[in-house]
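Content type mmCIF, C-alpha atoms and all ligand atoms, from the file coords07.cif:
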```
data_query
#
loop_
_atom_site.label_atom_id
_atom_site.label_comp_id
_atom_site.auth_asym_id
_atom_site.auth_seq_id
_atom_site.Cartn_x
_atom_site.Cartn_y
_atom_site.Cartn_z
CA MET I 1 -86.49 -39.81 -268.60
CA LYS I 2 -82.69 -40.00 -269.01
CA ASN I 3 -82.00 -37.53 -266.22
CA GLY I 4 -84.60 -39.10 -263.99
CA PHE I 5 -83.00 -42.50 -264.42
CA ALA I 6 -79.47 -41.38 -263.54
CA ARG I 7 -80.68 -39.22 -260.64
CA SER I 8 -82.70 -42.05 -259.07
CA LEU I 9 -79.83 -44.51 -259.48
CA ASN I 10 -77.17 -42.15 -258.09
CA GLN I 11 -79.32 -41.17 -255.11
CA TRP I 12 -79.92 -44.81 -254.28
CA PHE I 13 -76.18 -45.55 -254.57
CA ASN I 14 -75.21 -42.66 -252.32
CA LYS I 15 -77.42 -44.09 -249.59
CA ASN I 16 -76.83 -47.82 -250.10
CA ALA I 17 -73.35 -48.38 -251.55
CA ARG I 18 -71.19 -50.90 -249.73
CA GLN I 19 -68.02 -49.48 -248.26
CA LEU I 20 -65.26 -51.16 -250.21
CA PRO I 21 -61.56 -50.31 -250.04
CA TRP I 22 -61.26 -49.42 -253.74
CA ARG I 23 -64.15 -46.97 -253.36
CA GLU I 24 -62.05 -44.87 -251.01
CA THR I 25 -59.71 -43.83 -253.80
CA THR I 26 -59.67 -42.42 -257.33
CA ASP I 27 -56.08 -43.54 -257.91
CA PRO I 28 -56.25 -45.09 -261.43
CA TYR I 29 -53.68 -47.74 -260.50
CA LYS I 30 -55.75 -48.97 -257.54
CA ILE I 31 -59.02 -48.82 -259.49
CA TRP I 32 -57.41 -50.85 -262.27
CA ILE I 33 -56.15 -53.56 -259.90
CA SER I 34 -59.51 -53.83 -258.14
CA GLU I 35 -61.37 -54.09 -261.44
CA VAL I 36 -59.12 -56.89 -262.73
CA MET I 37 -59.57 -58.79 -259.48
CA LEU I 38 -63.34 -58.26 -259.51
CA GLN I 39 -63.56 -59.86 -262.93
CA GLN I 40 -62.45 -63.12 -261.39
CA THR I 41 -64.12 -63.66 -258.07
CA THR I 42 -66.53 -62.41 -255.42
CA VAL I 43 -66.28 -59.08 -253.59
CA PRO I 44 -65.45 -60.60 -250.13
CA THR I 45 -62.54 -62.57 -251.64
CA VAL I 46 -61.29 -59.56 -253.58
CA ILE I 47 -61.21 -57.36 -250.45
CA GLU I 48 -58.48 -59.48 -248.87
CA PHE I 49 -56.49 -59.91 -252.08
CA TYR I 50 -56.78 -56.21 -252.90
CA LYS I 51 -55.58 -55.03 -249.48
CA ARG I 52 -52.64 -57.42 -249.56
CA TRP I 53 -51.72 -56.46 -253.12
CA ILE I 54 -51.83 -52.72 -252.46
CA HIS I 55 -49.78 -53.22 -249.31
CA ASP I 56 -47.13 -55.23 -251.21
CA TYR I 57 -47.25 -53.17 -254.42
CA PRO I 58 -48.42 -49.65 -253.55
CA THR I 59 -47.51 -48.05 -256.89
CA LEU I 60 -47.24 -48.76 -260.59
CA GLU I 61 -43.45 -48.71 -260.25
CA SER I 62 -43.51 -51.37 -257.55
CA VAL I 63 -45.40 -53.71 -259.91
CA ALA I 64 -43.18 -52.87 -262.89
CA GLN I 65 -40.05 -53.63 -260.85
CA ALA I 66 -41.31 -56.82 -259.17
CA PRO I 67 -40.18 -60.17 -260.58
CA LEU I 68 -43.01 -61.97 -262.41
CA GLU I 69 -42.49 -65.00 -260.15
CA ARG I 70 -43.39 -62.90 -257.10
CA LEU I 71 -46.47 -61.41 -258.76
CA LEU I 72 -47.68 -64.87 -259.78
CA LYS I 73 -47.29 -65.99 -256.18
CA SER I 74 -49.25 -62.96 -254.91
CA TRP I 75 -52.00 -63.79 -257.41
CA GLN I 76 -52.26 -67.43 -256.34
CA GLY I 77 -55.88 -68.21 -255.46
CA LEU I 78 -57.36 -65.71 -257.91
CA GLY I 79 -56.82 -67.89 -261.00
CA TYR I 80 -56.59 -66.68 -264.61
CA TYR I 81 -52.86 -66.08 -264.31
CA GLN I 82 -52.69 -64.47 -267.74
CA ARG I 83 -54.25 -61.43 -266.07
CA VAL I 84 -51.37 -60.93 -263.65
CA ARG I 85 -48.88 -61.42 -266.47
CA ASN I 86 -50.70 -58.65 -268.34
CA ILE I 87 -50.67 -56.44 -265.23
CA HIS I 88 -46.89 -56.82 -265.14
CA LYS I 89 -46.50 -55.97 -268.85
CA ALA I 90 -48.93 -53.04 -268.59
CA ALA I 91 -47.25 -51.57 -265.50
CA LYS I 92 -43.91 -51.58 -267.33
CA ILE I 93 -45.51 -49.78 -270.30
CA PHE I 94 -47.10 -47.13 -268.04
CA VAL I 95 -43.83 -46.54 -266.20
CA GLU I 96 -41.57 -46.50 -269.25
CA GLN I 97 -43.79 -44.91 -271.92
CA TYR I 98 -46.28 -42.80 -269.98
CA ASP I 99 -44.14 -41.28 -267.27
CA ARG I 100 -45.48 -43.57 -264.50
CA ARG I 101 -49.12 -42.73 -265.22
CA ILE I 102 -52.10 -44.53 -266.68
CA PRO I 103 -53.16 -42.58 -269.80
CA GLU I 104 -56.61 -41.03 -269.80
CA ASP I 105 -57.66 -41.91 -273.33
CA MET I 106 -59.27 -45.00 -274.77
CA GLU I 107 -57.06 -45.23 -277.85
CA ALA I 108 -53.85 -45.41 -275.82
CA LEU I 109 -55.29 -47.78 -273.23
CA ARG I 110 -56.67 -50.26 -275.74
CA LYS I 111 -53.13 -50.92 -276.99
CA VAL I 112 -51.97 -52.03 -273.53
CA PRO I 113 -52.03 -55.78 -272.70
CA GLY I 114 -55.08 -56.76 -270.65
CA PHE I 115 -57.03 -53.57 -271.36
CA GLY I 116 -60.17 -54.82 -273.09
CA PRO I 117 -63.35 -52.71 -273.44
CA TYR I 118 -64.51 -53.41 -269.87
CA THR I 119 -61.23 -52.62 -268.09
CA CYS I 120 -60.68 -49.49 -270.21
CA GLY I 121 -64.22 -48.28 -269.53
CA ALA I 122 -64.03 -49.01 -265.82
CA VAL I 123 -60.69 -47.21 -265.35
CA LEU I 124 -61.69 -44.25 -267.54
CA SER I 125 -65.05 -43.74 -265.87
CA ILE I 126 -64.29 -44.61 -262.24
CA ALA I 127 -60.79 -43.11 -262.01
CA PHE I 128 -61.05 -40.24 -264.53
CA ASP I 129 -64.82 -39.65 -264.54
CA LYS I 130 -65.00 -40.03 -268.36
CA ARG I 131 -68.30 -40.67 -270.09
CA GLN I 132 -67.67 -44.30 -270.91
CA PRO I 133 -70.34 -47.03 -270.80
CA ILE I 134 -69.25 -50.39 -269.40
CA ILE I 135 -70.78 -53.83 -269.49
CA ASP I 136 -70.10 -56.42 -266.85
CA ALA I 137 -72.31 -59.40 -265.93
CA ASN I 138 -74.36 -57.30 -263.49
CA ILE I 139 -74.95 -54.42 -265.89
CA ARG I 140 -75.79 -56.77 -268.74
CA ARG I 141 -78.43 -58.54 -266.63
CA VAL I 142 -79.97 -55.30 -265.32
CA VAL I 143 -80.24 -53.74 -268.79
CA MET I 144 -81.67 -56.94 -270.23
CA ARG I 145 -84.44 -56.68 -267.65
CA LEU I 146 -84.93 -52.95 -268.12
CA LEU I 147 -85.45 -53.66 -271.83
CA ALA I 148 -87.24 -57.01 -271.27
CA LEU I 149 -84.77 -58.72 -273.61
CA GLU I 150 -85.79 -62.37 -273.51
CA SER I 151 -82.49 -64.01 -274.36
CA HIS I 152 -79.65 -65.69 -272.52
CA ALA I 153 -76.81 -63.38 -271.49
CA ASN I 154 -74.22 -63.28 -274.28
CA ALA I 155 -72.02 -60.81 -276.08
CA LYS I 156 -74.30 -60.73 -279.16
CA ILE I 157 -76.78 -58.55 -277.31
CA ASP I 158 -74.12 -56.06 -276.21
CA PRO I 159 -74.80 -53.55 -279.04
CA ALA I 160 -78.38 -53.18 -277.68
CA ILE I 161 -76.99 -52.84 -274.14
CA TYR I 162 -74.48 -50.16 -275.22
CA ALA I 163 -77.21 -48.26 -277.06
CA TYR I 164 -79.36 -48.24 -273.91
CA LEU I 165 -76.45 -47.20 -271.68
CA ASP I 166 -75.61 -44.39 -274.04
CA GLU I 167 -79.16 -43.12 -273.61
CA VAL I 168 -79.18 -43.18 -269.84
CA LEU I 169 -75.55 -42.23 -269.18
CA PRO I 170 -75.39 -38.73 -267.66
CA GLN I 171 -72.92 -36.05 -268.82
CA LYS I 172 -71.10 -35.85 -265.50
CA ASN I 173 -70.47 -37.87 -262.36
CA LEU I 174 -69.83 -41.00 -264.39
CA ARG I 175 -67.73 -42.34 -261.58
CA THR I 176 -70.86 -42.76 -259.47
CA PHE I 177 -73.17 -43.81 -262.26
CA ASN I 178 -71.23 -46.84 -263.50
CA GLN I 179 -70.53 -48.07 -259.98
CA ALA I 180 -74.18 -47.52 -259.06
CA PHE I 181 -75.31 -49.63 -262.01
CA MET I 182 -73.03 -52.50 -261.00
CA GLU I 183 -74.10 -52.16 -257.37
CA LEU I 184 -77.76 -52.29 -258.36
CA GLY I 185 -77.09 -55.63 -260.07
CA ALA I 186 -75.17 -56.96 -257.07
CA LEU I 187 -77.62 -55.89 -254.34
CA ILE I 188 -81.09 -55.44 -255.87
CA CYS I 189 -81.40 -56.76 -259.41
CA LYS I 190 -79.81 -60.07 -258.42
CA SER I 191 -79.80 -62.99 -260.82
CA LYS I 192 -82.22 -64.92 -258.58
CA GLU I 193 -85.16 -63.25 -256.86
CA PRO I 194 -84.54 -59.59 -257.75
CA LEU I 195 -85.80 -57.18 -255.08
CA CYS I 196 -87.97 -55.13 -257.44
CA SER I 197 -90.00 -53.44 -254.68
CA MET I 198 -86.78 -51.77 -253.47
CA CYS I 199 -85.47 -50.93 -256.95
CA PRO I 200 -84.84 -47.21 -257.62
CA VAL I 201 -85.44 -47.61 -261.37
CA LYS I 202 -88.45 -49.93 -261.37
CA SER I 203 -90.56 -47.29 -263.11
CA HIS I 204 -88.21 -47.66 -266.11
CA CYS I 205 -88.23 -51.48 -266.11
CA LYS I 206 -90.13 -53.31 -268.86
CA ALA I 207 -89.52 -56.76 -267.37
CA PHE I 208 -91.00 -55.62 -264.05
CA GLU I 209 -93.95 -54.13 -265.90
CA LYS I 210 -94.59 -57.47 -267.62
CA GLY I 211 -93.77 -59.54 -264.51
CA ILE I 212 -91.07 -61.52 -266.34
CA GLN I 213 -87.98 -60.26 -264.47
CA GLU I 214 -87.13 -63.68 -263.06
CA LEU I 215 -87.20 -65.24 -266.54
CA ILE I 216 -84.48 -62.87 -267.83
CA PRO I 217 -81.81 -63.74 -268.75
CA THR I 218 -83.09 -67.09 -270.01
CA LYS I 219 -81.16 -70.13 -268.80
CA LYS I 220 -78.53 -71.59 -271.06
CA GLU I 221 -77.52 -75.17 -270.58
CA ARG I 222 -73.95 -75.17 -269.35
CA LEU I 223 -71.75 -77.82 -270.87
CA THR I 224 -69.19 -79.05 -268.40
CA GLU I 225 -66.56 -81.58 -269.32
CA GLU I 226 -65.16 -83.83 -266.62
CA ILE I 227 -61.46 -84.72 -266.75
CA ASP I 228 -59.56 -87.19 -264.56
CA VAL I 229 -55.88 -86.52 -263.99
CA ALA I 230 -53.23 -88.56 -262.16
CA ILE I 231 -50.61 -86.58 -260.23
CA GLY I 232 -47.29 -87.95 -258.93
CA ILE I 233 -45.74 -86.47 -255.82
CA LEU I 234 -42.20 -87.75 -256.11
CA ARG I 235 -40.50 -87.71 -252.72
CA HIS I 236 -36.78 -88.16 -252.18
CA LYS I 237 -34.75 -87.44 -249.03
CA GLY I 238 -37.52 -85.23 -247.59
CA LYS I 239 -37.88 -83.17 -250.78
CA TYR I 240 -40.62 -83.00 -253.42
CA PHE I 241 -40.27 -82.77 -257.17
CA ILE I 242 -42.00 -79.93 -259.04
CA GLN I 243 -41.75 -78.64 -262.58
CA ARG I 244 -42.63 -75.41 -264.28
CA ARG I 245 -45.22 -75.25 -267.05
CA PRO I 246 -44.21 -73.75 -270.42
CA ALA I 247 -44.00 -69.94 -270.65
CA ASP I 248 -46.91 -69.89 -273.13
CA GLY I 249 -50.37 -71.38 -273.07
CA LEU I 250 -52.58 -72.69 -270.29
CA LEU I 251 -51.44 -71.80 -266.74
CA ALA I 252 -48.17 -70.52 -268.20
CA ASP I 253 -45.09 -70.49 -265.95
CA LEU I 254 -46.86 -71.97 -262.92
CA TRP I 255 -45.27 -74.83 -260.98
CA GLU I 256 -46.94 -78.21 -260.68
CA PHE I 257 -46.45 -81.87 -259.85
CA PRO I 258 -45.89 -84.14 -262.86
CA GLY I 259 -48.77 -86.23 -264.18
CA GLY I 260 -51.43 -86.22 -266.85
CA LYS I 261 -54.83 -87.20 -268.11
CA ILE I 262 -56.23 -90.63 -267.27
CA GLU I 263 -57.31 -92.29 -270.50
CA LYS I 264 -60.63 -94.11 -270.84
CA GLY I 265 -60.46 -97.55 -269.18
CA GLU I 266 -57.14 -96.76 -267.48
CA SER I 267 -56.75 -96.82 -263.68
CA PRO I 268 -55.33 -93.68 -261.99
CA GLU I 269 -52.20 -95.57 -260.95
CA ALA I 270 -51.62 -97.02 -264.43
CA ALA I 271 -52.01 -93.52 -265.89
CA LEU I 272 -49.56 -92.16 -263.36
CA ARG I 273 -46.92 -94.77 -264.24
CA ARG I 274 -47.39 -94.16 -267.97
CA GLU I 275 -47.33 -90.36 -267.67
CA LEU I 276 -44.19 -90.22 -265.53
CA LEU I 277 -42.41 -92.57 -267.86
CA GLU I 278 -43.41 -90.51 -270.92
CA GLU I 279 -42.84 -87.11 -269.32
CA LEU I 280 -39.76 -87.66 -267.15
CA SER I 281 -38.43 -91.10 -268.21
CA VAL I 282 -39.01 -92.15 -264.63
CA ASP I 283 -40.07 -95.64 -263.53
CA ILE I 284 -42.23 -95.66 -260.42
CA LYS I 285 -41.13 -98.06 -257.67
CA ASP I 286 -43.96 -97.48 -255.17
CA ALA I 287 -47.09 -95.39 -255.47
CA SER I 288 -49.58 -94.92 -252.66
CA PHE I 289 -52.80 -93.01 -253.10
CA LEU I 290 -52.78 -89.73 -251.12
CA THR I 291 -55.98 -87.84 -251.92
CA LYS I 292 -58.47 -86.86 -254.58
CA VAL I 293 -58.99 -83.17 -255.22
CA ARG I 294 -61.74 -81.68 -257.34
CA HIS I 295 -61.61 -78.24 -258.85
CA PHE I 296 -63.26 -76.30 -261.62
CA TYR I 297 -61.40 -74.68 -264.44
CA THR I 298 -63.37 -72.64 -267.01
CA ARG I 299 -65.82 -75.28 -268.35
CA TYR I 300 -63.89 -78.24 -266.99
CA LYS I 301 -64.49 -80.19 -263.82
CA VAL I 302 -61.10 -81.68 -262.98
CA ASN I 303 -60.57 -84.63 -260.63
CA LEU I 304 -56.95 -84.89 -259.50
CA TYR I 305 -55.83 -88.26 -258.12
CA ALA I 306 -52.64 -87.61 -256.16
CA PHE I 307 -50.13 -90.35 -255.34
CA ILE I 308 -47.02 -90.24 -253.19
CA CYS I 309 -44.33 -91.99 -255.18
CA ALA I 310 -40.79 -93.24 -255.02
CA ALA I 311 -38.97 -93.65 -258.34
CA LYS I 312 -36.40 -96.26 -259.40
CA SER I 313 -34.25 -93.44 -260.77
CA LEU I 314 -34.47 -89.68 -260.25
CA PRO I 315 -35.64 -87.30 -262.99
CA GLU I 316 -33.20 -84.92 -264.57
CA VAL I 317 -33.27 -81.46 -262.97
CA HIS I 318 -32.71 -78.02 -264.52
CA ALA I 319 -34.00 -74.44 -264.11
CA ARG I 320 -37.63 -75.53 -264.65
CA ARG I 321 -37.46 -78.73 -262.59
CA LYS I 322 -36.65 -78.69 -258.89
CA TRP I 323 -36.63 -80.64 -255.66
CA ILE I 324 -37.96 -78.50 -252.83
CA GLN I 325 -38.85 -78.90 -249.18
CA LEU I 326 -42.43 -78.73 -247.96
CA ARG I 327 -41.95 -75.31 -246.36
CA GLU I 328 -40.59 -73.92 -249.65
CA PHE I 329 -43.88 -74.46 -251.55
CA SER I 330 -45.05 -71.04 -250.36
CA GLU I 331 -42.45 -69.48 -252.70
CA TYR I 332 -43.83 -71.15 -255.84
CA ALA I 333 -47.05 -70.15 -257.63
CA MET I 334 -49.14 -73.22 -258.45
CA PRO I 335 -52.55 -73.80 -260.08
CA SER I 336 -55.33 -74.09 -257.49
CA GLY I 337 -55.66 -77.90 -257.81
CA SER I 338 -51.95 -78.45 -257.05
CA ALA I 339 -52.10 -75.85 -254.26
CA LYS I 340 -54.93 -77.86 -252.63
CA ILE I 341 -52.75 -80.98 -252.77
CA VAL I 342 -49.92 -79.07 -251.09
CA GLU I 343 -52.34 -78.00 -248.34
CA TYR I 344 -53.27 -81.65 -247.85
CA LEU I 345 -49.58 -82.61 -247.71
CA ARG I 346 -48.95 -79.94 -245.06
CA LEU I 347 -51.80 -81.29 -242.94
CA THR I 348 -50.72 -84.92 -243.22
CA THR I 349 -46.92 -84.68 -243.28
CA ARG I 350 -44.49 -83.84 -240.56
CA GLY I 351 -41.36 -81.92 -241.53
FE1 LIG I 401 -84.21 -55.39 -261.83
FE2 LIG I 401 -86.64 -55.49 -260.75
FE3 LIG I 401 -85.30 -53.18 -260.84
FE4 LIG I 401 -86.28 -54.26 -263.04
S1 LIG I 401 -87.43 -53.51 -261.30
S2 LIG I 401 -84.27 -53.38 -262.79
S3 LIG I 401 -86.00 -56.44 -262.63
S4 LIG I 401 -84.73 -55.04 -259.69
#
```
As structure tokens, how would this structure be written, given the file I've shared?
Amino acid sequence: MKNGFARSLNQWFNKNARQLPWRETTDPYKIWISEVMLQQTTVPTVIEFYKRWIHDYPTLESVAQAPLERLLKSWQGLGYYQRVRNIHKAAKIFVEQYDRRIPEDMEALRKVPGFGPYTCGAVLSIAFDKRQPIIDANIRRVVMRLLALESHANAKIDPAIYAYLDEVLPQKNLRTFNQAFMELGALICKSKEPLCSMCPVKSHCKAFEKGIQELIPTKKERLTEEIDVAIGILRHKGKYFIQRRPADGLLADLWEFPGGKIEKGESPEAALRRELLEELSVDIKDASFLTKVRHFYTRYKVNLYAFICAAKSLPEVHARRKWIQLREFSEYAMPSGSAKIVEYLRLTTRG
């Protein structure tokens, strides 16, 4: 049964795999970068980011030597900036401690920032062909259906998933097997309307046998919190004021416009005036509403109310607070909500 499973899956993959740029290489560095990017967004988006990244940073050394500010800017649009900070730290470790190579063993990799079980397993199996099971959202869903596990997808069921993977994992050609499993989840065993008639492993699938594949994983109510935030775009002599977030914590080291949360019962403009006074000791002279931008961040739905403002006095500037011109925004990494506001400014402002 084990051999039959792997053989069927690998044969299907060899005929049906999508041609993706990171599948044309076994370079551990490139596999690693693609896997980190794939944890954050869809394959079509990753293709563009991946090609650009590999063009700009073709080797581990080029990442290790690049200033963090530049890497953050290259990552803009992918979100989860802690990941690119970890890539920077990890690249330095590989260059300085491992002679410019990514080590081939789990114990060494797990000590490197950003190398959790999934990233370690993906790099070890796909780049080095090691027998290493991996669980991503696709694999978890497929195995849940193969086992007819009637639960919502969560980490608590991972021991059962690992046990199953260990049973079906072949002794060689792991590179193909793990990618084939993920590809099966992406193309055939999709979260909605799985294409069971085309599935190469349907004879092993308990959910298909019972006709409950579409009920697995069970739905979990997603709790989303909505937050309203007022943002001040201070303009003075054709320049805009931005400030850098603290080096630790949420969206660390990114640049943003000043502002803050709108309290219950407060208007966006009143919140803006209060926040800028508290944050920068700045009194707003005029504020005119520019745009409202909505974006999602983890479990938060954030509404940003952006105002163009003139202040009675200018805020103090230092290394983490600057006045910049509109064309200079492209040099500063910003969270996606602020970046959308900059796009709007570009479209509506001349010069
Ligand atoms: Fe998924 Fe259907 Fe294949 Fe089972 S038979 S693994 S539910 S696609």
Near-range 337-340 of chain I list (10 Å; only C-alpha atoms; drop same-chain fewer than 3 positions) as a PyMOL selection string: chain I and resi 76-77+231+255-257+292-297+302-304+306+329-330+332-334+343-346
Nearest to Val168 in chain I, chosen from I:Lys190, I:Arg321, I:His152, I:His204, with only C-alpha atoms counted in the distances: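 Among I:Lys190, I:Arg321, I:His152, I:His204, it is I:His204 that comes nearest to Val168 in chain I.
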Env. residues ligand LIG 401 (chain I) / 7 Å / all atoms listed in the file / as a list of chain:residue names: I:Val142, I:Arg145, I:Leu146, I:Ile188, I:Cys189, I:Pro194, I:Leu195, I:Cys196, I:Cys199, I:Pro200, I:Val201, I:Lys202, I:Cys205, I:Ala207, I:Phe208, I:Gln213
For CA of Ala230 in chain I and CA of Pro258 in chain I, the interatomic separation in Å (one decimal): 8.6 Å
Å distance separating CA of Ile47 in chain I from CA of Asn138 in chain I, one decimal place: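 Spanning CA of Ile47 in chain I to CA of Asn138 in chain I is a straight-line distance of 18.5 Å.
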Take every atom of range 203-214 of chain I listed in the file, fit an axis-aligned box around them, add 4 Å per side, and give the centre and edge lengths in Å to one decimal as lines of an AutoDock Vina configuration file.
```
center_x = -90.9
center_y = -55.5
center_z = -266.0
size_x = 15.5
size_y = 24.4
size_z = 13.8
```
Val317 in chain I environment, 10 Å, all atoms listed in the file, sequence neighbours closer than 6 positions dropped, as a list in words: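 Here the qualifying residues turn out to be Phe241, Ile242, Gln243, Leu280 and Trp323 of chain I.
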Could you give me, as a tab-separated table (two decimals) with C-alpha atoms, keeping the file's coordinate frame, the residues within 9 Å of Ile31 in chain I, counting all atoms listed in the file and dropping anything in the same chain fewer than 4 positions from it?
```
chain	number	residue	atom	x	y	z
I	22	TRP	CA	-61.26	-49.42	-253.74
I	23	ARG	CA	-64.15	-46.97	-253.36
I	25	THR	CA	-59.71	-43.83	-253.80
I	26	THR	CA	-59.67	-42.42	-257.33
I	27	ASP	CA	-56.08	-43.54	-257.91
I	35	GLU	CA	-61.37	-54.09	-261.44
I	36	VAL	CA	-59.12	-56.89	-262.73
I	122	ALA	CA	-64.03	-49.01	-265.82
I	123	VAL	CA	-60.69	-47.21	-265.35
I	126	ILE	CA	-64.29	-44.61	-262.24
I	127	ALA	CA	-60.79	-43.11	-262.01
```
Sphere at (-39.9, -95.8, -268.1), radius 12 Å, counting only C-alpha atoms: residues as a PyMOL selection string: chain I and resi 272-285+311-315
Please produce a file of those selected residues containing C-alpha atoms, as a PDB file, in the frame of the given file.
```pdb
ATOM      1  CA  LEU I 272     -49.560 -92.160-263.360  1.00  0.00           C
ATOM      2  CA  ARG I 273     -46.920 -94.770-264.240  1.00  0.00           C
ATOM      3  CA  ARG I 274     -47.390 -94.160-267.970  1.00  0.00           C
ATOM      4  CA  GLU I 275     -47.330 -90.360-267.670  1.00  0.00           C
ATOM      5  CA  LEU I 276     -44.190 -90.220-265.530  1.00  0.00           C
ATOM      6  CA  LEU I 277     -42.410 -92.570-267.860  1.00  0.00           C
ATOM      7  CA  GLU I 278     -43.410 -90.510-270.920  1.00  0.00           C
ATOM      8  CA  GLU I 279     -42.840 -87.110-269.320  1.00  0.00           C
ATOM      9  CA  LEU I 280     -39.760 -87.660-267.150  1.00  0.00           C
ATOM     10  CA  SER I 281     -38.430 -91.100-268.210  1.00  0.00           C
ATOM     11  CA  VAL I 282     -39.010 -92.150-264.630  1.00  0.00           C
ATOM     12  CA  ASP I 283     -40.070 -95.640-263.530  1.00  0.00           C
ATOM     13  CA  ILE I 284     -42.230 -95.660-260.420  1.00  0.00           C
ATOM     14  CA  LYS I 285     -41.130 -98.060-257.670  1.00  0.00           C
ATOM     15  CA  ALA I 311     -38.970 -93.650-258.340  1.00  0.00           C
ATOM     16  CA  LYS I 312     -36.400 -96.260-259.400  1.00  0.00           C
ATOM     17  CA  SER I 313     -34.250 -93.440-260.770  1.00  0.00           C
ATOM     18  CA  LEU I 314     -34.470 -89.680-260.250  1.00  0.00           C
ATOM     19  CA  PRO I 315     -35.640 -87.300-262.990  1.00  0.00           C
TER      20      PRO I 315
END
```
Selection: 9 Å around Ile216 in chain I, all atoms listed in the file, excl. self and same-chain fewer than 4 positions, as a ChimeraX atom specification: /I:141,144-145,148-153,191,207,212
Residues of the last selection are to be written out with C-alpha atoms, as a short mmCIF file (atom, residue, chain, number, x, y, z; two decimals), keeping the file's coordinate frame.
```cif
data_model
loop_
_atom_site.label_atom_id
_atom_site.label_comp_id
_atom_site.auth_asym_id
_atom_site.auth_seq_id
_atom_site.Cartn_x
_atom_site.Cartn_y
_atom_site.Cartn_z
CA ARG I 141 -78.43 -58.54 -266.63
CA MET I 144 -81.67 -56.94 -270.23
CA ARG I 145 -84.44 -56.68 -267.65
CA ALA I 148 -87.24 -57.01 -271.27
CA LEU I 149 -84.77 -58.72 -273.61
CA GLU I 150 -85.79 -62.37 -273.51
CA SER I 151 -82.49 -64.01 -274.36
CA HIS I 152 -79.65 -65.69 -272.52
CA ALA I 153 -76.81 -63.38 -271.49
CA SER I 191 -79.80 -62.99 -260.82
CA ALA I 207 -89.52 -56.76 -267.37
CA ILE I 212 -91.07 -61.52 -266.34
#
```
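Distance-wise, CA of Thr348 in chain I and CA of Tyr240 in chain I end up 14.5 Å apart.
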If we count all atoms listed in the file and set the cut-off at 12 Å, which residues sit around Pro159 in chain I, ignoring sequence neighbours fewer than 6 positions away in its own chain? Please answer as a PDB file with C-alpha atoms, keeping the file's coordinate frame.
```pdb
ATOM      1  CA  PRO I 133     -70.340 -47.030-270.800  1.00  0.00           C
ATOM      2  CA  ILE I 134     -69.250 -50.390-269.400  1.00  0.00           C
ATOM      3  CA  ILE I 135     -70.780 -53.830-269.490  1.00  0.00           C
ATOM      4  CA  ARG I 140     -75.790 -56.770-268.740  1.00  0.00           C
ATOM      5  CA  VAL I 143     -80.240 -53.740-268.790  1.00  0.00           C
ATOM      6  CA  MET I 144     -81.670 -56.940-270.230  1.00  0.00           C
ATOM      7  CA  LEU I 165     -76.450 -47.200-271.680  1.00  0.00           C
ATOM      8  CA  ASP I 166     -75.610 -44.390-274.040  1.00  0.00           C
TER       9      ASP I 166
END
```
Which of I:Phe181, I:Phe5, I:Trp32, I:Tyr118 sits closest to Ala17 in chain I [using only C-alpha atoms]: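 Counting only C-alpha atoms, the residue closest to Ala17 in chain I is I:Phe181.
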Residue list as a count of residues only for point (-59.2, -42.4, -277.3), cut-off 12 Å, only C-alpha atoms: 16
Nearest residue to Ser34 in chain I from the set I:Lys92, I:Thr119, I:Gly79, I:Phe307 (distances using all atoms listed in the file): I:Thr119
Selected residue of minimal separation from Asp286 in chain I among I:Val46, I:Ile233, I:Glu183, I:Leu250, counting only C-alpha atoms: I:Ile233
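For the set I:Thr349, I:Ala6, I:Lys210, I:His55, the residue with the smallest atom-to-atom gap to Arg175 in chain I is I:Ala6, counting only C-alpha atoms.
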As a CSV table (one decimal), in the frame of the given file, please: range 208-213 of chain I completed to N, CA, C and O atoms.
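Wrote out.csv, looks like this:
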```csv
chain,number,residue,atom,x,y,z
I,208,PHE,N,-90.2,-55.8,-265.3
I,208,PHE,CA,-91.0,-55.6,-264.0
I,208,PHE,C,-92.4,-55.3,-264.4
I,208,PHE,O,-93.4,-55.9,-263.9
I,209,GLU,N,-92.6,-54.5,-265.4
I,209,GLU,CA,-94.0,-54.1,-265.9
I,209,GLU,C,-94.7,-55.4,-266.4
I,209,GLU,O,-95.9,-55.6,-266.1
I,210,LYS,N,-93.9,-56.3,-267.1
I,210,LYS,CA,-94.6,-57.5,-267.6
I,210,LYS,C,-94.6,-58.6,-266.6
I,210,LYS,O,-95.1,-59.7,-266.9
I,211,GLY,N,-93.9,-58.5,-265.5
I,211,GLY,CA,-93.8,-59.5,-264.5
I,211,GLY,C,-92.9,-60.7,-265.0
I,211,GLY,O,-93.1,-61.8,-264.5
I,212,ILE,N,-91.9,-60.4,-265.8
I,212,ILE,CA,-91.1,-61.5,-266.3
I,212,ILE,C,-89.6,-61.4,-265.9
I,212,ILE,O,-88.7,-62.0,-266.5
I,213,GLN,N,-89.4,-60.5,-264.9
I,213,GLN,CA,-88.0,-60.3,-264.5
I,213,GLN,C,-87.2,-61.5,-264.1
I,213,GLN,O,-86.0,-61.6,-264.4
```
